[in-house]
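Trainee: Below: one structure in structure tokens.
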Amino acid sequence: MSGPYPEEELPANHTGPKGVINDWRQFKLDSVDQSAPVSKRELLRQMSSTREDDKERSQRKMSVQEYELIKEEDERCLKHYRKQCMKEMHERLSFGPKFEAVYELESGEAFLEVIEKEHRLTLVIVHIYQHGVKGCEQLNSCLDCLASEYSSIKFCRIDAVATGAAERFSSEVLPALLVYKAGELLGNFLAVTKHFSDEFFATDVEAFLNDYGLIPVKELAACADVDDEGGDVE
């Protein structure tokens with residue numbers, strides 16, 4: 001069982017509009033491809049320079065080719081910069097234990113303990129099942145997949161008989177998914193498979209929990225998808 005985990009302070013440097021602009025300019029300079037022609041590298045260097053050079057650059061007109069080059073490079077750098085910022089933010093905000101598996105609870109006491117003593121920022125999803133009840137085994141397989149995808153969430157399962165309250169969890173209400181955070185019940189889904197088709201998969205369970213806002217959105221994955229559409233930005 002995990003103990004208390006201190007909350008992590010986020011660094012406050014490079015905040016405000018000027019700090020962000022300076023970070024962006026430096027990022028563009030650092031990301032210039034050194035294998036590019038000298039003329040291209042010089043143009044990109046000018047694009048990222050400070051205001052002192054603005055007057056000099058304004059004294060000549062920019063060609064169409066130069067404009068297209070700057071536009072293309074700016075879009076490429078922006079995607080790369082956004083991806084890097086998302087990665088750094090995710091690393092700063094990642095805290096607490098990593099689980100990556102579904103935990104089998106052997107008793108009602110273990111059930112109460114995982115609800116009451118887990119870190120207050122850890123989401124706990126408990127599957128109450130019973131052998132032989134339709135959908136329970138399939139849901140167990142789905143949660144095994146999700147546990148590896150969402151390692152910051154603690155997925156658990158417990159046999160209805162082991163809860164000590166089997167009369168409350170009859171086969172008519174199983175499989176059931178209970179969602180807790182900081183000891184509070186956030187979701188209580190009885191006979192949860194009624195929301196799925198006869199043949200369902202981990203992605204269906206994931207979408208269901210997402211619809212209720214109970215699992216975090218995969219921001220990094222979405223960002224990576226956008227980058228893939230624009231080509232390789234590494």
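In the structure tokens, the first chain shown is A, the next is B, and so on; residue numbers restart at 1 for each chain, and ligands run from 1 in the order shown.
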When you look at stretch 176-180 of chain A with a cut-off of 8 Å (counting only C-alpha atoms), what residues show up, excluding the ones that are within fewer than 5 positions of it in the same chain? I need them as an mmCIF file with C-alpha atoms, in the first residue's frame.
Mentor:
```cif
data_model
loop_
_atom_site.group_PDB
_atom_site.id
_atom_site.type_symbol
_atom_site.label_atom_id
_atom_site.label_comp_id
_atom_site.auth_asym_id
_atom_site.auth_seq_id
_atom_site.Cartn_x
_atom_site.Cartn_y
_atom_site.Cartn_z
ATOM 1 C CA ILE A 115 -10.253 3.317 -0.914
ATOM 2 C CA LEU A 123 -7.816 7.549 -8.940
ATOM 3 C CA VAL A 124 -8.953 4.077 -7.858
ATOM 4 C CA ILE A 125 -11.165 1.964 -10.138
ATOM 5 C CA VAL A 126 -12.572 -1.232 -8.617
ATOM 6 C CA HIS A 127 -14.205 -3.994 -10.634
ATOM 7 C CA ILE A 128 -16.609 -6.173 -8.638
ATOM 8 C CA TYR A 129 -17.122 -9.446 -10.441
ATOM 9 C CA LEU A 185 -17.204 7.711 -4.703
ATOM 10 C CA LEU A 186 -17.066 9.403 -8.118
ATOM 11 C CA GLY A 187 -18.755 6.726 -10.200
ATOM 12 C CA ASN A 188 -21.016 3.766 -9.447
ATOM 13 C CA PHE A 189 -21.758 1.747 -12.567
ATOM 14 C CA LEU A 190 -23.834 -1.351 -11.924
ATOM 15 C CA ALA A 191 -24.245 -3.941 -14.693
ATOM 16 C CA VAL A 192 -21.796 -1.761 -16.604
ATOM 17 C CA LEU A 214 -13.040 9.741 -15.027
#
```
Trainee: Check stretch 77-211 of chain A with DSSP on the backbone and list each residue it calls strand (DSSP E), as a PyMOL selection string.
Mentor: chain A and resi 102-104+123-129+154-159+176-181+184-189
Trainee: Could you write those residues out with N, CA, C and O atoms, as a compact mmCIF listing (two decimals), in the first residue's frame?
Mentor:
```
# COMPACT_ATOMS: atom_id res chain seq x y z
N VAL A 102 -3.52 -4.77 -12.61
CA VAL A 102 -4.76 -4.81 -11.84
C VAL A 102 -4.50 -5.59 -10.55
O VAL A 102 -3.96 -6.70 -10.58
N TYR A 103 -4.87 -4.98 -9.42
CA TYR A 103 -4.62 -5.59 -8.12
C TYR A 103 -5.84 -6.39 -7.66
O TYR A 103 -6.97 -5.88 -7.66
N GLU A 104 -5.60 -7.62 -7.26
CA GLU A 104 -6.68 -8.49 -6.76
C GLU A 104 -6.85 -8.23 -5.26
O GLU A 104 -5.90 -8.37 -4.49
N LEU A 123 -6.50 8.07 -8.58
CA LEU A 123 -7.82 7.55 -8.94
C LEU A 123 -7.80 6.04 -8.76
O LEU A 123 -6.87 5.36 -9.19
N VAL A 124 -8.84 5.51 -8.11
CA VAL A 124 -8.95 4.08 -7.86
C VAL A 124 -10.21 3.55 -8.56
O VAL A 124 -11.31 4.06 -8.32
N ILE A 125 -10.03 2.57 -9.43
CA ILE A 125 -11.16 1.96 -10.14
C ILE A 125 -11.24 0.50 -9.72
O ILE A 125 -10.28 -0.25 -9.89
N VAL A 126 -12.40 0.12 -9.14
CA VAL A 126 -12.57 -1.23 -8.62
C VAL A 126 -13.64 -1.96 -9.43
O VAL A 126 -14.76 -1.46 -9.60
N HIS A 127 -13.26 -3.13 -9.91
CA HIS A 127 -14.20 -3.99 -10.63
C HIS A 127 -14.70 -5.08 -9.68
O HIS A 127 -13.91 -5.87 -9.16
N ILE A 128 -16.00 -5.12 -9.45
CA ILE A 128 -16.61 -6.17 -8.64
C ILE A 128 -17.21 -7.19 -9.60
O ILE A 128 -18.05 -6.86 -10.43
N TYR A 129 -16.76 -8.42 -9.47
CA TYR A 129 -17.12 -9.45 -10.44
C TYR A 129 -17.57 -10.72 -9.73
O TYR A 129 -17.50 -10.85 -8.50
N LYS A 154 -4.99 3.37 -10.17
CA LYS A 154 -4.92 2.07 -9.51
C LYS A 154 -6.18 1.28 -9.85
O LYS A 154 -7.27 1.59 -9.40
N PHE A 155 -6.02 0.26 -10.68
CA PHE A 155 -7.12 -0.63 -11.05
C PHE A 155 -7.11 -1.83 -10.10
O PHE A 155 -6.07 -2.44 -9.87
N CYS A 156 -8.28 -2.15 -9.57
CA CYS A 156 -8.41 -3.29 -8.66
C CYS A 156 -9.63 -4.11 -9.07
O CYS A 156 -10.52 -3.64 -9.78
N ARG A 157 -9.66 -5.36 -8.59
CA ARG A 157 -10.84 -6.19 -8.77
C ARG A 157 -11.04 -7.02 -7.51
O ARG A 157 -10.08 -7.36 -6.82
N ILE A 158 -12.30 -7.37 -7.26
CA ILE A 158 -12.62 -8.18 -6.09
C ILE A 158 -13.86 -9.01 -6.39
O ILE A 158 -14.81 -8.52 -7.01
N ASP A 159 -13.82 -10.26 -5.98
CA ASP A 159 -14.98 -11.15 -6.12
C ASP A 159 -16.09 -10.63 -5.22
O ASP A 159 -15.84 -10.24 -4.08
N ALA A 176 -19.69 -4.73 -11.94
CA ALA A 176 -19.85 -3.36 -11.47
C ALA A 176 -18.49 -2.67 -11.44
O ALA A 176 -17.48 -3.29 -11.11
N LEU A 177 -18.49 -1.39 -11.79
CA LEU A 177 -17.28 -0.57 -11.71
C LEU A 177 -17.53 0.57 -10.72
O LEU A 177 -18.49 1.34 -10.89
N LEU A 178 -16.68 0.65 -9.70
CA LEU A 178 -16.77 1.73 -8.72
C LEU A 178 -15.50 2.57 -8.83
O LEU A 178 -14.39 2.01 -8.88
N VAL A 179 -15.66 3.87 -8.87
CA VAL A 179 -14.53 4.78 -9.06
C VAL A 179 -14.42 5.70 -7.85
O VAL A 179 -15.40 6.36 -7.46
N TYR A 180 -13.23 5.75 -7.26
CA TYR A 180 -12.99 6.54 -6.06
C TYR A 180 -11.79 7.47 -6.22
O TYR A 180 -10.87 7.18 -6.99
N LYS A 181 -11.84 8.57 -5.49
CA LYS A 181 -10.69 9.47 -5.38
C LYS A 181 -10.77 10.18 -4.04
O LYS A 181 -11.82 10.72 -3.68
N GLU A 184 -13.71 9.35 -1.84
CA GLU A 184 -15.07 9.69 -2.28
C GLU A 184 -15.44 8.88 -3.52
O GLU A 184 -14.62 8.65 -4.40
N LEU A 185 -16.70 8.47 -3.56
CA LEU A 185 -17.20 7.71 -4.70
C LEU A 185 -17.54 8.68 -5.83
O LEU A 185 -18.43 9.52 -5.71
N LEU A 186 -16.84 8.53 -6.96
CA LEU A 186 -17.07 9.40 -8.12
C LEU A 186 -17.98 8.75 -9.16
O LEU A 186 -18.65 9.44 -9.91
N GLY A 187 -17.94 7.43 -9.22
CA GLY A 187 -18.76 6.73 -10.20
C GLY A 187 -19.19 5.38 -9.67
O GLY A 187 -18.41 4.66 -9.04
N ASN A 188 -20.45 5.03 -9.92
CA ASN A 188 -21.02 3.77 -9.45
C ASN A 188 -21.81 3.16 -10.60
O ASN A 188 -22.97 3.50 -10.81
N PHE A 189 -21.15 2.29 -11.35
CA PHE A 189 -21.76 1.75 -12.57
C PHE A 189 -22.09 0.27 -12.36
O PHE A 189 -21.22 -0.59 -12.40
```
Trainee: Using backbone DSSP assignments, extract all alpha helix (DSSP H) residues from stretch 120-216 of chain A; output them as an MDAnalysis selection string.
Mentor: chainID A and resid 136:149 202:211
Trainee: How would the residues just picked look written out with N, CA, C and O atoms as a CSV table (one decimal), in the first residue's frame?
Mentor:
```csv
chain,number,residue,atom,x,y,z
A,136,CYS,N,-18.1,-10.4,-17.0
A,136,CYS,CA,-17.0,-10.2,-16.0
A,136,CYS,C,-15.6,-10.5,-16.4
A,136,CYS,O,-14.7,-9.8,-16.2
A,137,GLU,N,-15.5,-11.7,-17.0
A,137,GLU,CA,-14.2,-12.1,-17.5
A,137,GLU,C,-13.7,-11.2,-18.6
A,137,GLU,O,-12.5,-10.8,-18.6
A,138,GLN,N,-14.6,-10.8,-19.5
A,138,GLN,CA,-14.2,-9.9,-20.6
A,138,GLN,C,-13.7,-8.6,-20.1
A,138,GLN,O,-12.8,-8.0,-20.5
A,139,LEU,N,-14.5,-8.1,-19.0
A,139,LEU,CA,-14.1,-6.8,-18.5
A,139,LEU,C,-12.8,-6.8,-17.7
A,139,LEU,O,-12.0,-5.9,-17.8
A,140,ASN,N,-12.5,-8.0,-17.1
A,140,ASN,CA,-11.2,-8.2,-16.5
A,140,ASN,C,-10.1,-8.0,-17.5
A,140,ASN,O,-9.1,-7.4,-17.2
A,141,SER,N,-10.3,-8.6,-18.6
A,141,SER,CA,-9.2,-8.5,-19.7
A,141,SER,C,-9.1,-7.1,-20.2
A,141,SER,O,-7.9,-6.6,-20.4
A,142,CYS,N,-10.2,-6.4,-20.3
A,142,CYS,CA,-10.1,-5.0,-20.7
A,142,CYS,C,-9.3,-4.1,-19.7
A,142,CYS,O,-8.5,-3.3,-20.1
A,143,LEU,N,-9.6,-4.3,-18.4
A,143,LEU,CA,-8.9,-3.6,-17.4
A,143,LEU,C,-7.4,-3.9,-17.3
A,143,LEU,O,-6.6,-3.0,-17.0
A,144,ASP,N,-7.1,-5.1,-17.6
A,144,ASP,CA,-5.7,-5.5,-17.7
A,144,ASP,C,-4.9,-4.6,-18.7
A,144,ASP,O,-3.8,-4.1,-18.5
A,145,CYS,N,-5.6,-4.4,-19.9
A,145,CYS,CA,-5.0,-3.5,-20.9
A,145,CYS,C,-5.0,-2.1,-20.5
A,145,CYS,O,-3.9,-1.4,-20.7
A,146,LEU,N,-6.0,-1.6,-19.9
A,146,LEU,CA,-6.1,-0.2,-19.5
A,146,LEU,C,-5.1,0.1,-18.4
A,146,LEU,O,-4.5,1.2,-18.3
A,147,ALA,N,-4.8,-0.9,-17.5
A,147,ALA,CA,-3.9,-0.7,-16.4
A,147,ALA,C,-2.5,-0.4,-16.9
A,147,ALA,O,-1.7,0.4,-16.3
A,148,SER,N,-2.1,-1.0,-18.0
A,148,SER,CA,-0.8,-0.8,-18.6
A,148,SER,C,-0.7,0.6,-19.3
A,148,SER,O,0.3,1.2,-19.4
A,149,GLU,N,-1.9,1.0,-19.8
A,149,GLU,CA,-1.9,2.3,-20.5
A,149,GLU,C,-2.0,3.5,-19.5
A,149,GLU,O,-1.4,4.6,-19.8
A,202,ALA,N,-11.2,-3.1,-24.8
A,202,ALA,CA,-10.6,-2.1,-23.9
A,202,ALA,C,-10.9,-0.7,-24.3
A,202,ALA,O,-11.1,0.2,-23.5
A,203,THR,N,-10.9,-0.5,-25.6
A,203,THR,CA,-11.1,0.9,-26.2
A,203,THR,C,-12.6,1.3,-25.8
A,203,THR,O,-12.8,2.5,-25.7
A,204,ASP,N,-13.5,0.4,-25.8
A,204,ASP,CA,-14.9,0.7,-25.5
A,204,ASP,C,-15.0,1.1,-24.0
A,204,ASP,O,-15.7,2.1,-23.7
A,205,VAL,N,-14.3,0.4,-23.1
A,205,VAL,CA,-14.3,0.8,-21.7
A,205,VAL,C,-13.6,2.1,-21.5
A,205,VAL,O,-14.1,3.0,-20.7
A,206,GLU,N,-12.5,2.3,-22.2
A,206,GLU,CA,-11.8,3.6,-22.1
A,206,GLU,C,-12.7,4.7,-22.6
A,206,GLU,O,-12.7,5.8,-21.9
A,207,ALA,N,-13.4,4.6,-23.7
A,207,ALA,CA,-14.3,5.7,-24.2
A,207,ALA,C,-15.4,5.9,-23.2
A,207,ALA,O,-15.8,7.1,-22.9
A,208,PHE,N,-15.9,4.9,-22.6
A,208,PHE,CA,-17.0,5.0,-21.6
A,208,PHE,C,-16.5,5.9,-20.4
A,208,PHE,O,-17.2,6.8,-19.9
A,209,LEU,N,-15.3,5.5,-19.8
A,209,LEU,CA,-14.8,6.3,-18.7
A,209,LEU,C,-14.4,7.7,-19.1
A,209,LEU,O,-14.6,8.6,-18.3
A,210,ASN,N,-14.0,7.9,-20.3
A,210,ASN,CA,-13.6,9.2,-20.8
A,210,ASN,C,-14.9,10.1,-20.9
A,210,ASN,O,-14.9,11.3,-20.6
A,211,ASP,N,-16.0,9.5,-21.3
A,211,ASP,CA,-17.2,10.2,-21.5
A,211,ASP,C,-17.7,10.8,-20.1
A,211,ASP,O,-18.3,11.9,-20.1
```
Trainee: Calculate how many Å separate atom CA of A:Glu109 from atom CA of A:Ala160, rounding to one decimal.
Mentor: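 These atoms are spaced 13.1 Å apart.
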